[in-house]
Amino acid sequence: GPLEVPVNSRLGLQFRASDNDSVAGPKIGESTKILLRVVEESELRTDLLRREKEQRQVLSEMIKKQDLLLTDTAALAAECREIKALDPSQRERLVGLQKRQKLMGSNLKPIVLRLKGVLQEIINNRLEEEDGILKARLKGRVITPLVGLQQGAIPSAAVGLDAARRIAGLEQRNAAFAVVEEAQRNAIEIMREVIVHMVRNEGYQQAVNLLYEIQHAQERMRVMTKKAKEEAL
């Protein structure tokens, strides 16, 4: 049940465990000290909103980079469309494109982890019911598509670029380029859809935060009115 700990209270927690060594022990281990501060729900929601906005901005930059990567890939594919054998410069450019594509996947991983952290805090602090709108949308419309992107379209595009570099046949290489471009377009589409849902999440969260501000303003007005009445009496 609720501990009724006052807001802005600061707590320090440290965990200690001992083993069952009956010969040389028992040995005792201690965790690092964990510092906590108790906050109001409105402050926590505001912080979660800020963190989600930060990840949306990072994802928006990733879309620009993926779009540029698609443009560069399409340009190289057009250049090599009628060439039977790639020259060293073209192979080197393919290696560069592959590295950039793999880096996209690496950069997406921390975004997913941070958004999962936001979702876990919503659950741990019971900000919503089990079927809450914010939690369901964040998990189903944001995190799940990004995980699928991290495991699907982005690595598929990187593998396709490597295949295009290794394939000797002209038709097979052109087919590999086509697969890569399709995967890259799919990645951009998914990220743009995720951005839309993140903006909706932020709008919902901002509305909730505004309600809390109104409640606080009403409570302050009630206290001031009560005090004025007492002074008048």
# chains A, B, ... in the order shown; residues from 1 in each chain; ligands from 1

call {"tool": "residues_around", "arguments": {"residues": "stretch 38-52 of chain A", "least_positions_apart": "2", "cutoff": "7 Å", "atoms": "only C-alpha atoms", "output": "ChimeraX atom specification"}}
result
/A:7-10,36,54-56,115,118,202,205,209,212

call {"tool": "write_last_selection", "arguments": {"atoms": "C-alpha atoms", "output": "mmCIF file, in the first residue's frame"}}
result
data_model
loop_
_atom_site.group_PDB
_atom_site.id
_atom_site.type_symbol
_atom_site.label_atom_id
_atom_site.label_comp_id
_atom_site.auth_asym_id
_atom_site.auth_seq_id
_atom_site.Cartn_x
_atom_site.Cartn_y
_atom_site.Cartn_z
ATOM 1 C CA VAL A 7 7.041 14.717 -1.685
ATOM 2 C CA ASN A 8 10.713 15.751 -2.136
ATOM 3 C CA SER A 9 11.837 13.232 0.476
ATOM 4 C CA ARG A 10 15.242 11.786 -0.332
ATOM 5 C CA LEU A 36 15.973 8.291 -4.661
ATOM 6 C CA GLU A 54 14.482 13.779 -26.802
ATOM 7 C CA GLN A 55 14.219 10.337 -28.405
ATOM 8 C CA ARG A 56 11.801 11.656 -31.029
ATOM 9 C CA LEU A 115 11.847 4.164 -24.614
ATOM 10 C CA VAL A 118 10.093 5.125 -20.046
ATOM 11 C CA GLU A 202 3.234 13.795 -26.349
ATOM 12 C CA GLN A 205 0.772 13.551 -22.034
ATOM 13 C CA ASN A 209 -0.017 17.498 -17.363
ATOM 14 C CA TYR A 212 -2.628 18.402 -13.076
#

call {"tool": "residues_around", "arguments": {"residues": "stretch 66-80 of chain A", "least_positions_apart": "5", "cutoff": "9 Å", "atoms": "only C-alpha atoms", "output": "mmCIF file with all heavy atoms, in the first residue's frame"}}
result
data_model
loop_
_atom_site.group_PDB
_atom_site.id
_atom_site.type_symbol
_atom_site.label_atom_id
_atom_site.label_comp_id
_atom_site.auth_asym_id
_atom_site.auth_seq_id
_atom_site.Cartn_x
_atom_site.Cartn_y
_atom_site.Cartn_z
ATOM 1 N N GLU A 61 16.365 12.809 -36.698
ATOM 2 C CA GLU A 61 17.662 12.940 -37.353
ATOM 3 C C GLU A 61 18.041 11.646 -38.073
ATOM 4 O O GLU A 61 18.656 11.671 -39.146
ATOM 5 C CB GLU A 61 18.738 13.303 -36.322
ATOM 6 C CG GLU A 61 18.610 14.703 -35.756
ATOM 7 C CD GLU A 61 18.695 15.774 -36.835
ATOM 8 O OE1 GLU A 61 19.580 15.652 -37.721
ATOM 9 O OE2 GLU A 61 17.880 16.708 -36.810
ATOM 10 N N ALA A 85 31.274 -5.521 -64.208
ATOM 11 C CA ALA A 85 32.173 -5.703 -63.053
ATOM 12 C C ALA A 85 32.408 -4.354 -62.383
ATOM 13 O O ALA A 85 32.672 -3.357 -63.051
ATOM 14 C CB ALA A 85 33.494 -6.309 -63.500
ATOM 15 N N LEU A 86 32.300 -4.331 -61.064
ATOM 16 C CA LEU A 86 32.505 -3.095 -60.306
ATOM 17 C C LEU A 86 33.993 -2.779 -60.230
ATOM 18 O O LEU A 86 34.833 -3.674 -60.074
ATOM 19 C CB LEU A 86 31.942 -3.244 -58.892
ATOM 20 C CG LEU A 86 30.441 -3.558 -58.771
ATOM 21 C CD1 LEU A 86 30.070 -3.721 -57.302
ATOM 22 C CD2 LEU A 86 29.611 -2.475 -59.414
ATOM 23 N N GLN A 90 33.944 1.789 -56.811
ATOM 24 C CA GLN A 90 32.542 1.444 -56.577
ATOM 25 C C GLN A 90 32.407 0.444 -55.431
ATOM 26 O O GLN A 90 31.476 0.527 -54.624
ATOM 27 C CB GLN A 90 31.931 0.900 -57.866
ATOM 28 C CG GLN A 90 31.770 1.960 -58.951
ATOM 29 C CD GLN A 90 31.534 1.376 -60.323
ATOM 30 O OE1 GLN A 90 31.866 0.217 -60.591
ATOM 31 N NE2 GLN A 90 30.961 2.175 -61.225
ATOM 32 N N ARG A 93 32.803 2.347 -52.247
ATOM 33 C CA ARG A 93 31.592 3.101 -51.918
ATOM 34 C C ARG A 93 30.526 2.181 -51.344
ATOM 35 O O ARG A 93 29.789 2.561 -50.427
ATOM 36 C CB ARG A 93 31.077 3.822 -53.161
ATOM 37 C CG ARG A 93 31.929 5.038 -53.528
ATOM 38 C CD ARG A 93 31.714 5.447 -54.970
ATOM 39 N NE ARG A 93 30.335 5.873 -55.215
ATOM 40 C CZ ARG A 93 29.848 6.102 -56.439
ATOM 41 N NH1 ARG A 93 30.633 5.959 -57.499
ATOM 42 N NH2 ARG A 93 28.602 6.495 -56.583
ATOM 43 N N LEU A 94 30.432 0.954 -51.869
ATOM 44 C CA LEU A 94 29.475 -0.014 -51.327
ATOM 45 C C LEU A 94 29.806 -0.382 -49.885
ATOM 46 O O LEU A 94 28.921 -0.514 -49.037
ATOM 47 C CB LEU A 94 29.452 -1.278 -52.196
ATOM 48 C CG LEU A 94 28.400 -1.324 -53.303
ATOM 49 C CD1 LEU A 94 28.623 -2.535 -54.200
ATOM 50 C CD2 LEU A 94 27.003 -1.335 -52.710
ATOM 51 N N LEU A 97 28.646 2.460 -47.766
ATOM 52 C CA LEU A 97 27.194 2.442 -47.599
ATOM 53 C C LEU A 97 26.773 1.379 -46.594
ATOM 54 O O LEU A 97 25.881 1.604 -45.762
ATOM 55 C CB LEU A 97 26.513 2.182 -48.949
ATOM 56 C CG LEU A 97 26.591 3.310 -49.989
ATOM 57 C CD1 LEU A 97 26.031 2.843 -51.321
ATOM 58 C CD2 LEU A 97 25.852 4.548 -49.507
ATOM 59 N N ARG A 100 27.519 2.581 -43.057
ATOM 60 C CA ARG A 100 26.533 3.589 -42.644
ATOM 61 C C ARG A 100 25.204 2.926 -42.286
ATOM 62 O O ARG A 100 24.539 3.327 -41.325
ATOM 63 C CB ARG A 100 26.335 4.625 -43.754
ATOM 64 C CG ARG A 100 27.502 5.592 -43.906
ATOM 65 C CD ARG A 100 27.439 6.327 -45.228
ATOM 66 N NE ARG A 100 26.198 7.091 -45.370
ATOM 67 C CZ ARG A 100 25.814 7.670 -46.506
ATOM 68 N NH1 ARG A 100 26.583 7.571 -47.600
ATOM 69 N NH2 ARG A 100 24.682 8.356 -46.562
ATOM 70 N N GLN A 101 24.838 1.892 -43.069
ATOM 71 C CA GLN A 101 23.576 1.210 -42.799
ATOM 72 C C GLN A 101 23.625 0.440 -41.480
ATOM 73 O O GLN A 101 22.673 0.443 -40.698
ATOM 74 C CB GLN A 101 23.244 0.256 -43.948
ATOM 75 C CG GLN A 101 21.834 -0.327 -43.881
ATOM 76 C CD GLN A 101 20.760 0.722 -44.004
ATOM 77 O OE1 GLN A 101 20.523 1.254 -45.062
ATOM 78 N NE2 GLN A 101 20.100 1.038 -42.898
ATOM 79 N N MET A 104 23.226 2.693 -38.572
ATOM 80 C CA MET A 104 21.840 3.062 -38.312
ATOM 81 C C MET A 104 21.216 2.107 -37.285
ATOM 82 O O MET A 104 20.512 2.522 -36.370
ATOM 83 C CB MET A 104 21.030 3.027 -39.607
ATOM 84 C CG MET A 104 21.379 4.110 -40.612
ATOM 85 S SD MET A 104 20.869 5.762 -40.081
ATOM 86 C CE MET A 104 19.104 5.563 -40.083
ATOM 87 N N LEU A 161 23.510 -4.816 -49.211
ATOM 88 C CA LEU A 161 24.642 -4.026 -49.729
ATOM 89 C C LEU A 161 25.908 -4.874 -49.819
ATOM 90 O O LEU A 161 26.688 -4.757 -50.776
ATOM 91 C CB LEU A 161 24.877 -2.811 -48.831
ATOM 92 C CG LEU A 161 23.828 -1.697 -48.949
ATOM 93 C CD1 LEU A 161 23.957 -0.714 -47.797
ATOM 94 C CD2 LEU A 161 23.976 -0.970 -50.283
ATOM 95 N N LEU A 170 25.513 -9.411 -63.364
ATOM 96 C CA LEU A 170 24.881 -8.093 -63.479
ATOM 97 C C LEU A 170 23.436 -8.117 -63.006
ATOM 98 O O LEU A 170 23.015 -7.271 -62.209
ATOM 99 C CB LEU A 170 24.953 -7.609 -64.935
ATOM 100 C CG LEU A 170 24.290 -6.255 -65.244
ATOM 101 C CD1 LEU A 170 24.934 -5.145 -64.429
ATOM 102 C CD2 LEU A 170 24.393 -5.951 -66.742
ATOM 103 N N ARG A 173 23.149 -8.637 -59.265
ATOM 104 C CA ARG A 173 23.546 -7.440 -58.517
ATOM 105 C C ARG A 173 22.445 -6.385 -58.554
ATOM 106 O O ARG A 173 22.140 -5.747 -57.546
ATOM 107 C CB ARG A 173 24.847 -6.875 -59.068
ATOM 108 C CG ARG A 173 25.391 -5.707 -58.222
ATOM 109 C CD ARG A 173 26.758 -5.243 -58.691
ATOM 110 N NE ARG A 173 26.703 -4.633 -59.999
ATOM 111 C CZ ARG A 173 27.346 -5.080 -61.058
ATOM 112 N NH1 ARG A 173 28.084 -6.170 -60.978
ATOM 113 N NH2 ARG A 173 27.250 -4.452 -62.225
ATOM 114 N N ASN A 174 21.842 -6.190 -59.721
ATOM 115 C CA ASN A 174 20.740 -5.227 -59.826
ATOM 116 C C ASN A 174 19.561 -5.646 -58.953
ATOM 117 O O ASN A 174 18.899 -4.804 -58.344
ATOM 118 C CB ASN A 174 20.300 -5.095 -61.284
ATOM 119 C CG ASN A 174 21.319 -4.350 -62.139
ATOM 120 O OD1 ASN A 174 22.145 -3.602 -61.613
ATOM 121 N ND2 ASN A 174 21.269 -4.558 -63.451
ATOM 122 N N PHE A 177 20.432 -4.745 -55.380
ATOM 123 C CA PHE A 177 20.230 -3.312 -55.158
ATOM 124 C C PHE A 177 18.747 -2.990 -54.961
ATOM 125 O O PHE A 177 18.374 -2.168 -54.109
ATOM 126 C CB PHE A 177 20.778 -2.507 -56.347
ATOM 127 C CG PHE A 177 22.207 -2.082 -56.195
ATOM 128 C CD1 PHE A 177 23.164 -2.477 -57.121
ATOM 129 C CD2 PHE A 177 22.597 -1.275 -55.130
ATOM 130 C CE1 PHE A 177 24.490 -2.079 -56.983
ATOM 131 C CE2 PHE A 177 23.917 -0.875 -54.986
ATOM 132 C CZ PHE A 177 24.873 -1.280 -55.914
ATOM 133 N N ALA A 178 17.885 -3.643 -55.755
ATOM 134 C CA ALA A 178 16.440 -3.405 -55.645
ATOM 135 C C ALA A 178 15.922 -3.814 -54.264
ATOM 136 O O ALA A 178 15.093 -3.118 -53.661
ATOM 137 C CB ALA A 178 15.695 -4.171 -56.740
ATOM 138 N N VAL A 180 17.692 -3.899 -51.500
ATOM 139 C CA VAL A 180 18.232 -2.931 -50.538
ATOM 140 C C VAL A 180 17.385 -1.665 -50.519
ATOM 141 O O VAL A 180 17.005 -1.170 -49.443
ATOM 142 C CB VAL A 180 19.700 -2.586 -50.878
ATOM 143 C CG1 VAL A 180 20.173 -1.401 -50.033
ATOM 144 C CG2 VAL A 180 20.594 -3.781 -50.646
ATOM 145 N N GLU A 181 17.086 -1.133 -51.688
ATOM 146 C CA GLU A 181 16.315 0.105 -51.751
ATOM 147 C C GLU A 181 14.920 -0.082 -51.162
ATOM 148 O O GLU A 181 14.397 0.812 -50.495
ATOM 149 C CB GLU A 181 16.228 0.582 -53.205
ATOM 150 C CG GLU A 181 17.567 1.071 -53.757
ATOM 151 C CD GLU A 181 17.466 1.497 -55.215
ATOM 152 O OE1 GLU A 181 16.460 2.151 -55.572
ATOM 153 O OE2 GLU A 181 18.376 1.182 -55.995
ATOM 154 N N GLN A 184 15.282 -0.061 -47.406
ATOM 155 C CA GLN A 184 15.553 1.297 -46.927
ATOM 156 C C GLN A 184 14.292 2.152 -46.938
ATOM 157 O O GLN A 184 14.041 2.920 -46.009
ATOM 158 C CB GLN A 184 16.657 1.939 -47.774
ATOM 159 C CG GLN A 184 18.027 1.318 -47.555
ATOM 160 C CD GLN A 184 19.085 1.886 -48.475
ATOM 161 O OE1 GLN A 184 18.778 2.411 -49.555
ATOM 162 N NE2 GLN A 184 20.352 1.796 -48.092
ATOM 163 N N ARG A 185 13.488 2.030 -48.004
ATOM 164 C CA ARG A 185 12.218 2.767 -48.042
ATOM 165 C C ARG A 185 11.287 2.310 -46.923
ATOM 166 O O ARG A 185 10.594 3.118 -46.295
ATOM 167 C CB ARG A 185 11.542 2.565 -49.402
ATOM 168 C CG ARG A 185 12.228 3.277 -50.565
ATOM 169 C CD ARG A 185 11.347 3.262 -51.801
ATOM 170 N NE ARG A 185 12.051 3.815 -52.945
ATOM 171 C CZ ARG A 185 12.727 3.096 -53.818
ATOM 172 N NH1 ARG A 185 12.785 1.768 -53.690
ATOM 173 N NH2 ARG A 185 13.345 3.673 -54.834
ATOM 174 N N ALA A 187 12.195 1.103 -44.048
ATOM 175 C CA ALA A 187 12.725 1.632 -42.783
ATOM 176 C C ALA A 187 12.283 3.080 -42.576
ATOM 177 O O ALA A 187 11.859 3.466 -41.475
ATOM 178 C CB ALA A 187 14.248 1.532 -42.772
ATOM 179 N N ILE A 188 12.369 3.877 -43.633
ATOM 180 C CA ILE A 188 11.960 5.282 -43.538
ATOM 181 C C ILE A 188 10.474 5.393 -43.226
ATOM 182 O O ILE A 188 10.056 6.200 -42.383
ATOM 183 C CB ILE A 188 12.301 6.016 -44.852
ATOM 184 C CG1 ILE A 188 13.816 6.110 -45.027
ATOM 185 C CG2 ILE A 188 11.688 7.413 -44.860
ATOM 186 C CD1 ILE A 188 14.238 6.617 -46.387
#

call {"tool": "atom_distance", "arguments": {"atom1": "atom CA of A:Lys84", "atom2": "atom CA of A:Lys99"}}
result
23.8 Å

call {"tool": "residues_around", "arguments": {"residues": "A:Ile122", "least_positions_apart": "5", "cutoff": "9 Å", "atoms": "only C-alpha atoms", "output": "list in words"}}
result
Arg45, Leu48, Gly117, Leu127, Glu128, Leu134 and Lys135 of chain A

call {"tool": "atom_distance", "arguments": {"atom1": "atom CA of A:Val159", "atom2": "atom CA of A:Val95"}}
result
11.0 Å

call {"tool": "select_by_dssp", "arguments": {"residues": "stretch 30-224 of chain A", "states": "helix (DSSP H, G or I)", "output": "VMD selection string"}}
result
chain A and resid 41 to 80 88 to 124 133 to 151 153 to 166 170 to 224

call {"tool": "select_by_dssp", "arguments": {"residues": "stretch 19-186 of chain A", "states": "strand (DSSP E or B)", "output": "list in words"}}
result
Ile28, Gly29, Glu30, Ile34, Leu35, Leu36 and Arg37 of chain A

call {"tool": "decode", "arguments": {"residues": "stretch 220-232 of chain A", "atoms": "all heavy atoms", "output": "PDB file, in the first residue's frame"}}
result
ATOM      1  N   ARG A 220      -4.564  25.494  -4.664  1.00  0.00           N
ATOM      2  CA  ARG A 220      -3.992  26.712  -4.095  1.00  0.00           C
ATOM      3  C   ARG A 220      -5.081  27.761  -3.844  1.00  0.00           C
ATOM      4  O   ARG A 220      -5.072  28.443  -2.812  1.00  0.00           O
ATOM      5  CB  ARG A 220      -2.916  27.273  -5.041  1.00  0.00           C
ATOM      6  CG  ARG A 220      -1.627  26.466  -5.063  1.00  0.00           C
ATOM      7  CD  ARG A 220      -0.506  27.249  -5.727  1.00  0.00           C
ATOM      8  NE  ARG A 220      -0.804  27.565  -7.111  1.00  0.00           N
ATOM      9  CZ  ARG A 220      -0.486  26.801  -8.145  1.00  0.00           C
ATOM     10  NH1 ARG A 220       0.149  25.657  -7.931  1.00  0.00           N
ATOM     11  NH2 ARG A 220      -0.787  27.162  -9.380  1.00  0.00           N
ATOM     12  N   MET A 221      -6.019  27.873  -4.774  1.00  0.00           N
ATOM     13  CA  MET A 221      -7.110  28.830  -4.613  1.00  0.00           C
ATOM     14  C   MET A 221      -7.985  28.460  -3.426  1.00  0.00           C
ATOM     15  O   MET A 221      -8.435  29.332  -2.668  1.00  0.00           O
ATOM     16  CB  MET A 221      -7.945  28.863  -5.894  1.00  0.00           C
ATOM     17  CG  MET A 221      -9.068  29.900  -5.870  1.00  0.00           C
ATOM     18  SD  MET A 221      -8.424  31.583  -5.701  1.00  0.00           S
ATOM     19  CE  MET A 221      -7.625  31.783  -7.292  1.00  0.00           C
ATOM     20  N   ARG A 222      -8.227  27.160  -3.234  1.00  0.00           N
ATOM     21  CA  ARG A 222      -9.037  26.713  -2.105  1.00  0.00           C
ATOM     22  C   ARG A 222      -8.372  27.072  -0.780  1.00  0.00           C
ATOM     23  O   ARG A 222      -9.025  27.569   0.157  1.00  0.00           O
ATOM     24  CB  ARG A 222      -9.260  25.201  -2.188  1.00  0.00           C
ATOM     25  CG  ARG A 222     -10.209  24.648  -1.126  1.00  0.00           C
ATOM     26  CD  ARG A 222     -10.184  23.143  -1.115  1.00  0.00           C
ATOM     27  NE  ARG A 222      -8.906  22.636  -0.673  1.00  0.00           N
ATOM     28  CZ  ARG A 222      -8.545  22.561   0.621  1.00  0.00           C
ATOM     29  NH1 ARG A 222      -9.354  23.000   1.572  1.00  0.00           N
ATOM     30  NH2 ARG A 222      -7.369  22.073   0.949  1.00  0.00           N
ATOM     31  N   VAL A 223      -7.057  26.822  -0.709  1.00  0.00           N
ATOM     32  CA  VAL A 223      -6.319  27.126   0.519  1.00  0.00           C
ATOM     33  C   VAL A 223      -6.328  28.628   0.801  1.00  0.00           C
ATOM     34  O   VAL A 223      -6.533  29.072   1.937  1.00  0.00           O
ATOM     35  CB  VAL A 223      -4.871  26.597   0.404  1.00  0.00           C
ATOM     36  CG1 VAL A 223      -4.033  27.082   1.585  1.00  0.00           C
ATOM     37  CG2 VAL A 223      -4.872  25.069   0.343  1.00  0.00           C
ATOM     38  N   MET A 224      -6.118  29.442  -0.256  1.00  0.00           N
ATOM     39  CA  MET A 224      -6.109  30.891  -0.086  1.00  0.00           C
ATOM     40  C   MET A 224      -7.482  31.408   0.347  1.00  0.00           C
ATOM     41  O   MET A 224      -7.590  32.299   1.210  1.00  0.00           O
ATOM     42  CB  MET A 224      -5.685  31.562  -1.401  1.00  0.00           C
ATOM     43  CG  MET A 224      -4.222  31.328  -1.765  1.00  0.00           C
ATOM     44  SD  MET A 224      -3.813  31.914  -3.436  1.00  0.00           S
ATOM     45  CE  MET A 224      -4.146  33.670  -3.248  1.00  0.00           C
ATOM     46  N   THR A 225      -8.523  30.822  -0.232  1.00  0.00           N
ATOM     47  CA  THR A 225      -9.895  31.236   0.144  1.00  0.00           C
ATOM     48  C   THR A 225     -10.193  30.883   1.592  1.00  0.00           C
ATOM     49  O   THR A 225     -10.767  31.690   2.344  1.00  0.00           O
ATOM     50  CB  THR A 225     -10.916  30.552  -0.782  1.00  0.00           C
ATOM     51  OG1 THR A 225     -10.624  30.876  -2.131  1.00  0.00           O
ATOM     52  CG2 THR A 225     -12.329  30.999  -0.447  1.00  0.00           C
ATOM     53  N   LYS A 226      -9.789  29.689   2.007  1.00  0.00           N
ATOM     54  CA  LYS A 226     -10.020  29.265   3.379  1.00  0.00           C
ATOM     55  C   LYS A 226      -9.264  30.162   4.358  1.00  0.00           C
ATOM     56  O   LYS A 226      -9.799  30.573   5.402  1.00  0.00           O
ATOM     57  CB  LYS A 226      -9.567  27.804   3.541  1.00  0.00           C
ATOM     58  CG  LYS A 226      -9.768  27.267   4.944  1.00  0.00           C
ATOM     59  CD  LYS A 226      -9.306  25.816   5.038  1.00  0.00           C
ATOM     60  CE  LYS A 226      -9.487  25.269   6.442  1.00  0.00           C
ATOM     61  NZ  LYS A 226      -9.000  23.863   6.559  1.00  0.00           N
ATOM     62  N   LYS A 227      -8.034  30.499   4.010  1.00  0.00           N
ATOM     63  CA  LYS A 227      -7.225  31.368   4.874  1.00  0.00           C
ATOM     64  C   LYS A 227      -7.835  32.751   4.978  1.00  0.00           C
ATOM     65  O   LYS A 227      -7.878  33.346   6.069  1.00  0.00           O
ATOM     66  CB  LYS A 227      -5.812  31.468   4.317  1.00  0.00           C
ATOM     67  CG  LYS A 227      -4.865  32.266   5.179  1.00  0.00           C
ATOM     68  CD  LYS A 227      -3.454  32.276   4.605  1.00  0.00           C
ATOM     69  CE  LYS A 227      -2.513  33.092   5.465  1.00  0.00           C
ATOM     70  NZ  LYS A 227      -1.134  33.097   4.911  1.00  0.00           N
ATOM     71  N   ALA A 228      -8.336  33.266   3.839  1.00  0.00           N
ATOM     72  CA  ALA A 228      -8.966  34.605   3.848  1.00  0.00           C
ATOM     73  C   ALA A 228     -10.210  34.596   4.721  1.00  0.00           C
ATOM     74  O   ALA A 228     -10.484  35.570   5.442  1.00  0.00           O
ATOM     75  CB  ALA A 228      -9.313  35.003   2.415  1.00  0.00           C
ATOM     76  N   LYS A 229     -10.998  33.533   4.663  1.00  0.00           N
ATOM     77  CA  LYS A 229     -12.199  33.437   5.492  1.00  0.00           C
ATOM     78  C   LYS A 229     -11.838  33.417   6.984  1.00  0.00           C
ATOM     79  O   LYS A 229     -12.485  34.086   7.807  1.00  0.00           O
ATOM     80  CB  LYS A 229     -12.998  32.180   5.132  1.00  0.00           C
ATOM     81  CG  LYS A 229     -13.755  32.268   3.821  1.00  0.00           C
ATOM     82  CD  LYS A 229     -14.535  30.991   3.589  1.00  0.00           C
ATOM     83  CE  LYS A 229     -15.353  31.088   2.283  1.00  0.00           C
ATOM     84  NZ  LYS A 229     -16.110  29.852   2.027  1.00  0.00           N
ATOM     85  N   GLU A 230     -10.785  32.651   7.304  1.00  0.00           N
ATOM     86  CA  GLU A 230     -10.383  32.554   8.702  1.00  0.00           C
ATOM     87  C   GLU A 230      -9.903  33.909   9.219  1.00  0.00           C
ATOM     88  O   GLU A 230     -10.199  34.298  10.346  1.00  0.00           O
ATOM     89  CB  GLU A 230      -9.277  31.508   8.857  1.00  0.00           C
ATOM     90  CG  GLU A 230      -9.758  30.077   8.621  1.00  0.00           C
ATOM     91  CD  GLU A 230      -8.644  29.067   8.645  1.00  0.00           C
ATOM     92  OE1 GLU A 230      -7.447  29.515   8.637  1.00  0.00           O
ATOM     93  OE2 GLU A 230      -8.917  27.869   8.653  1.00  0.00           O
ATOM     94  N   GLU A 231      -9.161  34.651   8.366  1.00  0.00           N
ATOM     95  CA  GLU A 231      -8.682  35.971   8.774  1.00  0.00           C
ATOM     96  C   GLU A 231      -9.843  36.953   8.929  1.00  0.00           C
ATOM     97  O   GLU A 231      -9.847  37.809   9.841  1.00  0.00           O
ATOM     98  CB  GLU A 231      -7.687  36.507   7.738  1.00  0.00           C
ATOM     99  CG  GLU A 231      -6.358  35.741   7.738  1.00  0.00           C
ATOM    100  CD  GLU A 231      -5.433  36.226   6.637  1.00  0.00           C
ATOM    101  OE1 GLU A 231      -5.889  37.028   5.796  1.00  0.00           O
ATOM    102  OE2 GLU A 231      -4.259  35.804   6.614  1.00  0.00           O
ATOM    103  N   ALA A 232     -10.846  36.829   8.066  1.00  0.00           N
ATOM    104  CA  ALA A 232     -12.007  37.710   8.165  1.00  0.00           C
ATOM    105  C   ALA A 232     -12.799  37.452   9.453  1.00  0.00           C
ATOM    106  O   ALA A 232     -13.315  38.380  10.082  1.00  0.00           O
ATOM    107  CB  ALA A 232     -12.910  37.525   6.953  1.00  0.00           C
TER     108      ALA A 232
END
